[in-house]
$ cat entry_17.tsv   # TSV, C-alpha atoms
chain	number	residue	atom	x	y	z
Q	1	MET	CA	33.26	169.28	109.79
Q	2	ILE	CA	36.34	167.56	108.37
Q	3	ILE	CA	37.26	166.25	104.93
Q	4	ASP	CA	39.60	163.24	104.87
Q	5	THR	CA	41.56	164.08	101.74
Q	6	HIS	CA	43.58	160.85	101.60
Q	7	ILE	CA	42.06	157.57	102.73
Q	8	HIS	CA	42.66	154.19	101.06
Q	9	LEU	CA	39.14	152.82	101.47
Q	10	ASP	CA	39.88	150.42	98.61
Q	11	ASP	CA	42.39	148.61	100.84
Q	12	GLU	CA	41.49	145.05	101.82
Q	13	ARG	CA	41.63	146.01	105.49
Q	14	TYR	CA	38.35	147.91	105.10
Q	15	ARG	CA	36.49	145.32	103.05
Q	16	ASP	CA	34.74	143.55	105.93
Q	17	ASP	CA	33.49	146.64	107.78
Q	18	LEU	CA	33.57	149.55	105.34
Q	19	GLU	CA	30.02	150.61	106.20
Q	20	GLU	CA	30.84	150.78	109.91
Q	21	VAL	CA	34.05	152.72	109.21
Q	22	LEU	CA	32.12	155.34	107.24
Q	23	VAL	CA	29.33	155.59	109.81
Q	24	ARG	CA	31.82	156.15	112.64
Q	25	ALA	CA	33.58	158.82	110.62
Q	26	ARG	CA	30.38	160.65	109.73
Q	27	GLU	CA	29.24	160.59	113.36
Q	28	GLY	CA	32.63	162.07	114.23
Q	29	GLY	CA	32.17	164.95	111.80
Q	30	VAL	CA	33.86	163.74	108.61
Q	31	GLU	CA	31.75	164.91	105.70
Q	32	ARG	CA	33.72	163.77	102.63
Q	33	PHE	CA	36.34	161.16	101.77
Q	34	ILE	CA	38.85	161.01	98.90
Q	35	ILE	CA	40.42	157.70	97.85
Q	36	PRO	CA	43.81	158.35	96.20
Q	37	GLY	CA	44.73	156.33	93.13
Q	38	ALA	CA	47.91	154.62	94.28
Q	39	ASP	CA	47.63	151.07	92.98
Q	40	PRO	CA	45.89	150.52	89.61
Q	41	SER	CA	44.95	146.99	90.70
Q	42	THR	CA	42.49	148.39	93.28
Q	43	LEU	CA	41.23	151.32	91.21
Q	44	SER	CA	38.05	149.55	90.17
Q	45	ARG	CA	37.28	148.98	93.85
Q	46	ALA	CA	37.80	152.70	94.55
Q	47	VAL	CA	35.36	153.60	91.77
Q	48	GLU	CA	32.86	151.06	93.06
Q	49	ILE	CA	32.97	152.59	96.55
Q	50	ALA	CA	32.67	156.14	95.20
Q	51	GLU	CA	29.64	155.15	93.14
Q	52	CYS	CA	28.06	153.49	96.16
Q	53	TYR	CA	28.46	156.37	98.61
Q	54	GLU	CA	27.52	159.96	97.86
Q	55	ASP	CA	30.24	161.42	100.10
Q	56	VAL	CA	33.14	159.34	98.72
Q	57	TYR	CA	35.30	160.49	95.79
Q	58	PHE	CA	38.42	159.11	94.15
Q	59	ALA	CA	41.57	160.07	92.28
Q	60	VAL	CA	43.38	158.21	89.52
Q	61	GLY	CA	47.15	157.85	89.50
Q	62	VAL	CA	50.21	155.68	89.98
Q	63	HIS	CA	52.38	155.71	93.11
Q	64	PRO	CA	56.17	155.85	92.58
Q	65	TYR	CA	56.41	152.24	93.79
Q	66	ASP	CA	53.99	151.11	91.06
Q	67	ILE	CA	55.32	153.00	88.04
Q	68	ASN	CA	55.56	149.80	86.01
Q	69	SER	CA	51.75	149.86	85.95
Q	70	PHE	CA	51.58	153.31	84.37
Q	71	GLU	CA	51.43	152.28	80.70
Q	72	GLY	CA	48.62	149.83	81.40
Q	73	LEU	CA	46.39	152.40	83.10
Q	74	ASP	CA	43.76	154.05	80.90
Q	75	PHE	CA	43.52	157.44	82.57
Q	76	ALA	CA	40.85	158.64	80.11
Q	77	LYS	CA	38.56	155.85	81.29
Q	78	TYR	CA	38.55	157.22	84.84
Q	79	VAL	CA	39.39	160.91	84.80
Q	80	GLY	CA	36.08	161.84	83.22
Q	81	HIS	CA	34.09	160.02	85.89
Q	82	LYS	CA	31.83	162.39	87.84
Q	83	LYS	CA	33.44	161.36	91.15
Q	84	CYS	CA	37.08	161.73	90.05
Q	85	VAL	CA	38.54	164.82	91.73
Q	86	ALA	CA	42.33	164.55	91.25
Q	87	ILE	CA	45.34	162.91	89.62
Q	88	GLY	CA	47.56	160.87	91.94
Q	89	GLU	CA	48.97	159.90	94.20
Q	90	CYS	CA	52.03	160.38	92.07
Q	91	GLY	CA	55.48	161.75	92.72
Q	92	MET	CA	59.00	160.76	93.74
Q	93	ASP	CA	60.21	158.30	96.38
Q	94	TYR	CA	63.88	157.41	96.83
Q	95	PHE	CA	63.45	155.67	100.20
Q	96	ARG	CA	63.57	152.11	98.88
Q	97	LEU	CA	65.82	152.45	95.85
Q	98	GLU	CA	67.94	149.33	95.41
Q	99	GLY	CA	70.89	148.40	93.20
Q	100	ASN	CA	74.20	150.00	92.34
Q	101	ASP	CA	74.57	153.70	91.62
Q	102	ALA	CA	73.78	153.36	87.92
Q	103	GLU	CA	70.67	151.29	88.63
Q	104	LYS	CA	69.47	153.78	91.22
Q	105	GLU	CA	69.95	156.68	88.81
Q	106	ALA	CA	67.97	154.81	86.16
Q	107	LYS	CA	65.13	154.28	88.62
Q	108	LYS	CA	65.15	157.94	89.61
Q	109	LYS	CA	64.97	158.92	85.94
Q	110	ARG	CA	62.05	156.57	85.37
Q	111	GLN	CA	60.20	157.96	88.38
Q	112	ALA	CA	60.72	161.46	87.03
Q	113	GLU	CA	59.34	160.49	83.61
Q	114	ILE	CA	56.18	158.98	85.09
Q	115	PHE	CA	55.72	161.91	87.47
Q	116	LYS	CA	55.97	164.39	84.58
Q	117	ALA	CA	53.53	162.32	82.53
Q	118	GLN	CA	50.95	162.44	85.32
Q	119	ILE	CA	51.42	166.18	85.77
Q	120	ALA	CA	50.73	166.55	82.05
Q	121	ILE	CA	47.52	164.52	82.45
Q	122	ALA	CA	46.46	166.69	85.39
Q	123	LYS	CA	46.99	169.82	83.31
Q	124	GLN	CA	45.20	168.32	80.33
Q	125	TYR	CA	42.10	167.51	82.39
Q	126	LYS	CA	42.45	170.45	84.79
Q	127	LYS	CA	42.60	168.27	87.90
Q	128	PRO	CA	44.70	168.96	91.01
Q	129	LEU	CA	47.56	166.66	91.92
Q	130	ILE	CA	48.01	164.41	94.95
Q	131	VAL	CA	51.80	164.41	95.31
Q	132	HIS	CA	53.85	161.83	97.18
Q	133	ILE	CA	57.41	162.92	98.06
Q	134	ARG	CA	59.82	160.89	100.19
Q	135	ASN	CA	63.58	161.45	100.34
Q	136	ALA	CA	63.30	163.26	97.01
Q	137	SER	CA	62.29	166.83	97.87
Q	138	HIS	CA	64.78	168.64	95.64
Q	139	ASP	CA	64.09	166.64	92.49
Q	140	ALA	CA	60.32	166.60	93.02
Q	141	LYS	CA	60.16	170.35	93.61
Q	142	ARG	CA	62.23	171.01	90.50
Q	143	ILE	CA	59.86	168.93	88.41
Q	144	LEU	CA	56.78	170.67	89.84
Q	145	LEU	CA	58.27	174.07	89.02
Q	146	ASP	CA	59.69	173.14	85.61
Q	147	THR	CA	56.34	171.71	84.47
Q	148	ASN	CA	54.31	174.63	85.83
Q	149	ALA	CA	52.30	172.17	87.91
Q	150	GLY	CA	51.04	175.11	89.93
Q	151	ASP	CA	48.62	175.76	87.07
Q	152	VAL	CA	46.47	173.00	88.55
Q	153	GLY	CA	47.98	172.90	92.03
Q	154	GLY	CA	47.59	170.04	94.42
Q	155	VAL	CA	48.52	168.69	97.82
Q	156	LEU	CA	51.84	167.49	99.20
Q	157	HIS	CA	50.42	164.34	100.73
Q	158	CYS	CA	51.82	163.41	104.16
Q	159	PHE	CA	53.97	166.54	104.14
Q	160	ASN	CA	57.51	165.53	105.04
Q	161	ALA	CA	58.35	168.75	106.94
Q	162	ASP	CA	61.11	169.69	104.49
Q	163	ASP	CA	61.88	173.42	104.49
Q	164	GLU	CA	62.67	173.24	100.79
Q	165	LEU	CA	59.05	172.51	99.96
Q	166	LEU	CA	57.47	175.35	101.95
Q	167	SER	CA	57.73	177.79	99.04
Q	168	LEU	CA	55.36	175.59	97.04
Q	169	ALA	CA	52.56	177.21	99.03
Q	170	GLU	CA	53.06	180.14	96.65
Q	171	GLU	CA	52.62	177.78	93.68
Q	172	ASN	CA	49.06	176.70	94.52
Q	173	PHE	CA	50.08	173.70	96.62
Q	174	TYR	CA	48.57	172.61	99.91
Q	175	PHE	CA	50.08	170.55	102.72
Q	176	GLY	CA	48.44	167.31	103.88
Q	177	ILE	CA	48.72	166.78	107.64
Q	178	GLY	CA	47.92	163.39	109.14
Q	179	GLY	CA	48.62	161.13	112.09
Q	180	VAL	CA	52.37	161.69	111.96
Q	181	VAL	CA	51.86	165.08	113.64
Q	182	THR	CA	50.81	163.23	116.82
Q	183	PHE	CA	53.92	161.03	116.96
Q	184	LYS	CA	56.51	161.67	119.69
Q	185	ASN	CA	59.30	161.77	117.10
Q	186	ALA	CA	57.51	164.28	114.83
Q	187	LYS	CA	59.39	167.30	116.22
Q	188	LYS	CA	60.35	168.58	112.77
Q	189	LEU	CA	56.72	168.59	111.58
Q	190	VAL	CA	55.52	170.13	114.85
Q	191	ASN	CA	58.08	172.92	114.49
Q	192	ILE	CA	57.37	173.65	110.84
Q	193	LEU	CA	53.56	173.53	111.06
Q	194	PRO	CA	53.19	177.16	112.27
Q	195	ARG	CA	55.20	178.28	109.24
Q	196	ILE	CA	52.71	176.82	106.78
Q	197	PRO	CA	50.06	179.37	105.73
Q	198	LYS	CA	46.79	178.33	107.37
Q	199	GLU	CA	45.02	178.71	104.05
Q	200	LYS	CA	47.20	175.87	102.72
Q	201	LEU	CA	46.50	173.23	105.38
Q	202	ILE	CA	44.32	170.17	104.83
Q	203	ILE	CA	43.73	167.03	106.88
Q	204	GLU	CA	44.22	163.41	105.86
Q	205	THR	CA	44.58	159.99	107.45
Q	206	ASP	CA	46.44	157.92	104.84
Q	207	GLY	CA	44.51	155.06	106.43
Q	208	PRO	CA	44.98	152.21	107.00
Q	209	TYR	CA	48.51	153.54	107.58
Q	210	LEU	CA	50.04	156.11	109.99
Q	211	THR	CA	47.49	155.75	112.77
Q	212	PRO	CA	47.71	158.67	115.21
Q	213	THR	CA	48.61	158.41	118.86
Q	214	PRO	CA	47.17	156.87	121.07
Q	215	HIS	CA	46.04	154.21	118.54
Q	216	ARG	CA	49.39	153.43	116.91
Q	217	GLY	CA	49.59	149.79	115.93
Q	218	GLU	CA	45.90	149.69	115.04
Q	219	ARG	CA	44.32	150.17	111.62
Q	220	ASN	CA	43.88	153.85	110.85
Q	221	GLU	CA	40.46	155.13	109.81
Q	222	PRO	CA	38.78	158.47	109.01
Q	223	PHE	CA	37.26	158.80	112.49
Q	224	TYR	CA	40.77	159.51	113.78
Q	225	THR	CA	41.00	162.75	111.82
Q	226	ILE	CA	39.64	164.38	114.97
Q	227	LEU	CA	42.91	163.47	116.72
Q	228	VAL	CA	44.89	165.14	113.95
Q	229	ALA	CA	42.71	168.25	114.18
Q	230	GLN	CA	43.14	168.37	117.96
Q	231	LYS	CA	46.92	168.20	117.69
Q	232	MET	CA	47.02	170.85	114.98
Q	233	ALA	CA	44.85	173.13	117.12
Q	234	GLU	CA	47.19	172.59	120.07
Q	235	ILE	CA	50.32	173.40	118.06
Q	236	LEU	CA	48.81	176.46	116.38
Q	237	ASP	CA	47.10	177.63	119.59
Q	238	ILE	CA	43.68	178.00	118.00
Q	239	SER	CA	40.38	176.20	118.56
Q	240	ILE	CA	39.64	172.83	117.03
Q	241	GLN	CA	36.57	174.40	115.42
Q	242	GLU	CA	38.82	176.86	113.63
Q	243	ILE	CA	41.07	174.05	112.41
Q	244	GLU	CA	38.05	172.16	111.10
Q	245	ASN	CA	36.69	175.26	109.37
Q	246	ILE	CA	40.04	176.21	107.82
Q	247	THR	CA	40.97	172.75	106.55
Q	248	THR	CA	37.49	172.01	105.22
Q	249	LYS	CA	37.39	175.32	103.34
Q	250	ASN	CA	40.84	174.60	101.90
Q	251	ALA	CA	39.93	171.07	100.82
Q	252	LEU	CA	36.73	172.30	99.18
Q	253	LYS	CA	38.68	174.92	97.28
Q	254	LEU	CA	41.36	172.50	96.10
Q	255	PHE	CA	39.32	169.44	95.19
Q	256	PHE	CA	35.74	170.63	94.78
Q	257	ASN	CA	35.87	174.23	93.55
Q	258	GLY	CA	33.26	174.35	90.80
Q	259	PHE	CA	33.08	170.56	90.89
Q	260	LEU	CA	30.04	169.88	93.04
Q	261	ASP	CA	27.85	171.97	90.77
Q	262	LYS	CA	28.64	169.58	87.92
Q	263	ILE	CA	27.48	166.49	89.80
Q	264	ALA	CA	24.53	168.00	91.66
$ encode --input "entry_17.tsv" --output "structure tokens"
Amino acid sequence: MIIDTHIHLDDERYRDDLEEVLVRAREGGVERFIIPGADPSTLSRAVEIAECYEDVYFAVGVHPYDINSFEGLDFAKYVGHKKCVAIGECGMDYFRLEGNDAEKEAKKKRQAEIFKAQIAIAKQYKKPLIVHIRNASHDAKRILLDTNAGDVGGVLHCFNADDELLSLAEENFYFGIGGVVTFKNAKKLVNILPRIPKEKLIIETDGPYLTPTPHRGERNEPFYTILVAQKMAEILDISIQEIENITTKNALKLFFNGFLDKIA
């Protein structure tokens, strides 16, 4: 069995055939789905889906690209929901920073403030973090360490294969592996994967984005987690069953440890 720990089922690209997408995934062995809270404008849709399907859960958070929405998001309204399992996706992303040097520094500072605020919320409610890091490994790691974010732990979503972040495995952080690992140009991730402790690996799609080979160019969906698991098994030279068992156990520990009893 597989748990898709990061799937944007609230995206418009699933609206017309969501039921079919979930059925295909379940038939392929996916047993649970987590919708990350990236865009507050679609959060109500994520909650609606989670309430409709027993095996779907959600997180509440603000992506670095949407930090202007942070003040308007009532975290307390959502974090106590019985299907809310995490805070995020939140973090740091310098990939699309625009403006002069002073403007870029101001934007970095603002991202840091919002990231720290969401870490504080995670610690307040004892929820793990879904962390987005792109072109900002050093600053993001420093914030995670300085705020003792390891107290709640979390996942480095779509792990960027940066050596600097590997030590976060010792700080109660897991590494989300998705379709990128199947790409021809993913040599850095392929090389670093064996260095990640197996007990810190989880699987994700990030659908509808980052569709694995050989379906690149198509909409990604949870059914394709099997392709990620196959590639991970190949790289680590273990069976696909072992990959499924390891990553499912890890995801249950991170997101559902002591949680399922509360909603049973």
$ residues_around --input "entry_17.tsv" --residues "Tyr125 of chain Q" --least-positions-apart "5" --cutoff "12 Å" --atoms "only C-alpha atoms" --output "PyMOL selection string"
chain Q and resi 60+75-76+78-81+84-87+118-120+151-152
$ residues_around --input "entry_17.tsv" --residues "Lys188 of chain Q" --least-positions-apart "3" --cutoff "10 Å" --atoms "all atoms listed in the file" --output "PDB file with C-alpha atoms, keeping the file's coordinate frame"
ATOM      1  CA  ASN Q 160      57.510 165.530 105.040  1.00  0.00           C
ATOM      2  CA  ALA Q 161      58.350 168.750 106.940  1.00  0.00           C
ATOM      3  CA  ASP Q 162      61.110 169.690 104.490  1.00  0.00           C
ATOM      4  CA  ASP Q 163      61.880 173.420 104.490  1.00  0.00           C
ATOM      5  CA  VAL Q 181      51.860 165.080 113.640  1.00  0.00           C
ATOM      6  CA  ASN Q 185      59.300 161.770 117.100  1.00  0.00           C
ATOM      7  CA  ASN Q 191      58.080 172.920 114.490  1.00  0.00           C
ATOM      8  CA  ILE Q 192      57.370 173.650 110.840  1.00  0.00           C
ATOM      9  CA  LEU Q 193      53.560 173.530 111.060  1.00  0.00           C
TER      10      LEU Q 193
END
$ atom_distance --input "entry_17.tsv" --atom1 "atom CA of Arg96 of chain Q" --atom2 "atom CA of His6 of chain Q"
22.0 Å
$ closest_residue --input "entry_17.tsv" --among "Q:Ala251, Q:Val180, Q:Ala229, Q:Ala149" --to "Gly207 of chain Q" --atoms "only C-alpha atoms"
Q:Val180
$ residues_around --input "entry_17.tsv" --residues "Ile235 of chain Q" --least-positions-apart "3" --cutoff "8 Å" --atoms "all atoms listed in the file" --output "VMD selection string"
chain Q and resid 190 193 to 194 231 to 232
$ atom_distance --input "entry_17.tsv" --atom1 "atom CA of Ala46 of chain Q" --atom2 "atom CA of Ile226 of chain Q"
23.6 Å
$ atom_distance --input "entry_17.tsv" --atom1 "atom CA of Arg24 of chain Q" --atom2 "atom CA of Gly88 of chain Q"
26.4 Å
$ closest_atom_pairs --input "entry_17.tsv" --of "segment 146-258 of chain Q" --to "segment 11-22 of chain Q" --cutoff "8 Å" --atoms "only C-alpha atoms" --output "Markdown table"
| residue | atom | partner | partner_atom | distance |
| --- | --- | --- | --- | --- |
| Q:Pro208 | CA | Q:Arg13 | CA | 7.2 |
| Q:Arg219 | CA | Q:Arg13 | CA | 7.9 |
| Q:Glu221 | CA | Q:Val21 | CA | 6.9 |
| Q:Pro222 | CA | Q:Val21 | CA | 7.4 |
| Q:Phe223 | CA | Q:Val21 | CA | 7.6 |
$ axis_aligned_box --input "entry_17.tsv" --around "segment 237-244 of chain Q" --padding-each-side "8 Å" --output "AutoDock Vina command-line options"
--center_x 41.8 --center_y 175.1 --center_z 115.3 --size_x 26.5 --size_y 21.8 --size_z 24.5
$ closest_residue --input "entry_17.tsv" --among "Q:Ile177, Q:Ala106, Q:Val30, Q:Cys90" --to "Tyr65 of chain Q" --atoms "only C-alpha atoms"
Q:Cys90
$ residues_near_point --input "entry_17.tsv" --point "(54.6, 176.8, 98.1)" --cutoff "12 Å" --atoms "only C-alpha atoms" --output "CSV table (one decimal) with C-alpha atoms, keeping the file's coordinate frame"
chain,number,residue,atom,x,y,z
Q,141,LYS,CA,60.2,170.4,93.6
Q,144,LEU,CA,56.8,170.7,89.8
Q,145,LEU,CA,58.3,174.1,89.0
Q,149,ALA,CA,52.3,172.2,87.9
Q,150,GLY,CA,51.0,175.1,89.9
Q,153,GLY,CA,48.0,172.9,92.0
Q,154,GLY,CA,47.6,170.0,94.4
Q,155,VAL,CA,48.5,168.7,97.8
Q,156,LEU,CA,51.8,167.5,99.2
Q,159,PHE,CA,54.0,166.5,104.1
Q,162,ASP,CA,61.1,169.7,104.5
Q,163,ASP,CA,61.9,173.4,104.5
Q,164,GLU,CA,62.7,173.2,100.8
Q,165,LEU,CA,59.0,172.5,100.0
Q,166,LEU,CA,57.5,175.4,102.0
Q,167,SER,CA,57.7,177.8,99.0
Q,168,LEU,CA,55.4,175.6,97.0
Q,169,ALA,CA,52.6,177.2,99.0
Q,170,GLU,CA,53.1,180.1,96.6
Q,171,GLU,CA,52.6,177.8,93.7
Q,172,ASN,CA,49.1,176.7,94.5
Q,173,PHE,CA,50.1,173.7,96.6
Q,174,TYR,CA,48.6,172.6,99.9
Q,175,PHE,CA,50.1,170.6,102.7
Q,195,ARG,CA,55.2,178.3,109.2
Q,196,ILE,CA,52.7,176.8,106.8
Q,197,PRO,CA,50.1,179.4,105.7
Q,199,GLU,CA,45.0,178.7,104.0
Q,200,LYS,CA,47.2,175.9,102.7
Q,201,LEU,CA,46.5,173.2,105.4
$ closest_residue --input "entry_17.tsv" --among "Q:Arg216, Q:Arg26, Q:Lys77, Q:His157" --to "Lys184 of chain Q" --atoms "all atoms listed in the file"
Q:Arg216
$ closest_residue --input "entry_17.tsv" --among "Q:Glu31, Q:Glu51, Q:Asp93, Q:Glu204" --to "His138 of chain Q" --atoms "only C-alpha atoms"
Q:Asp93
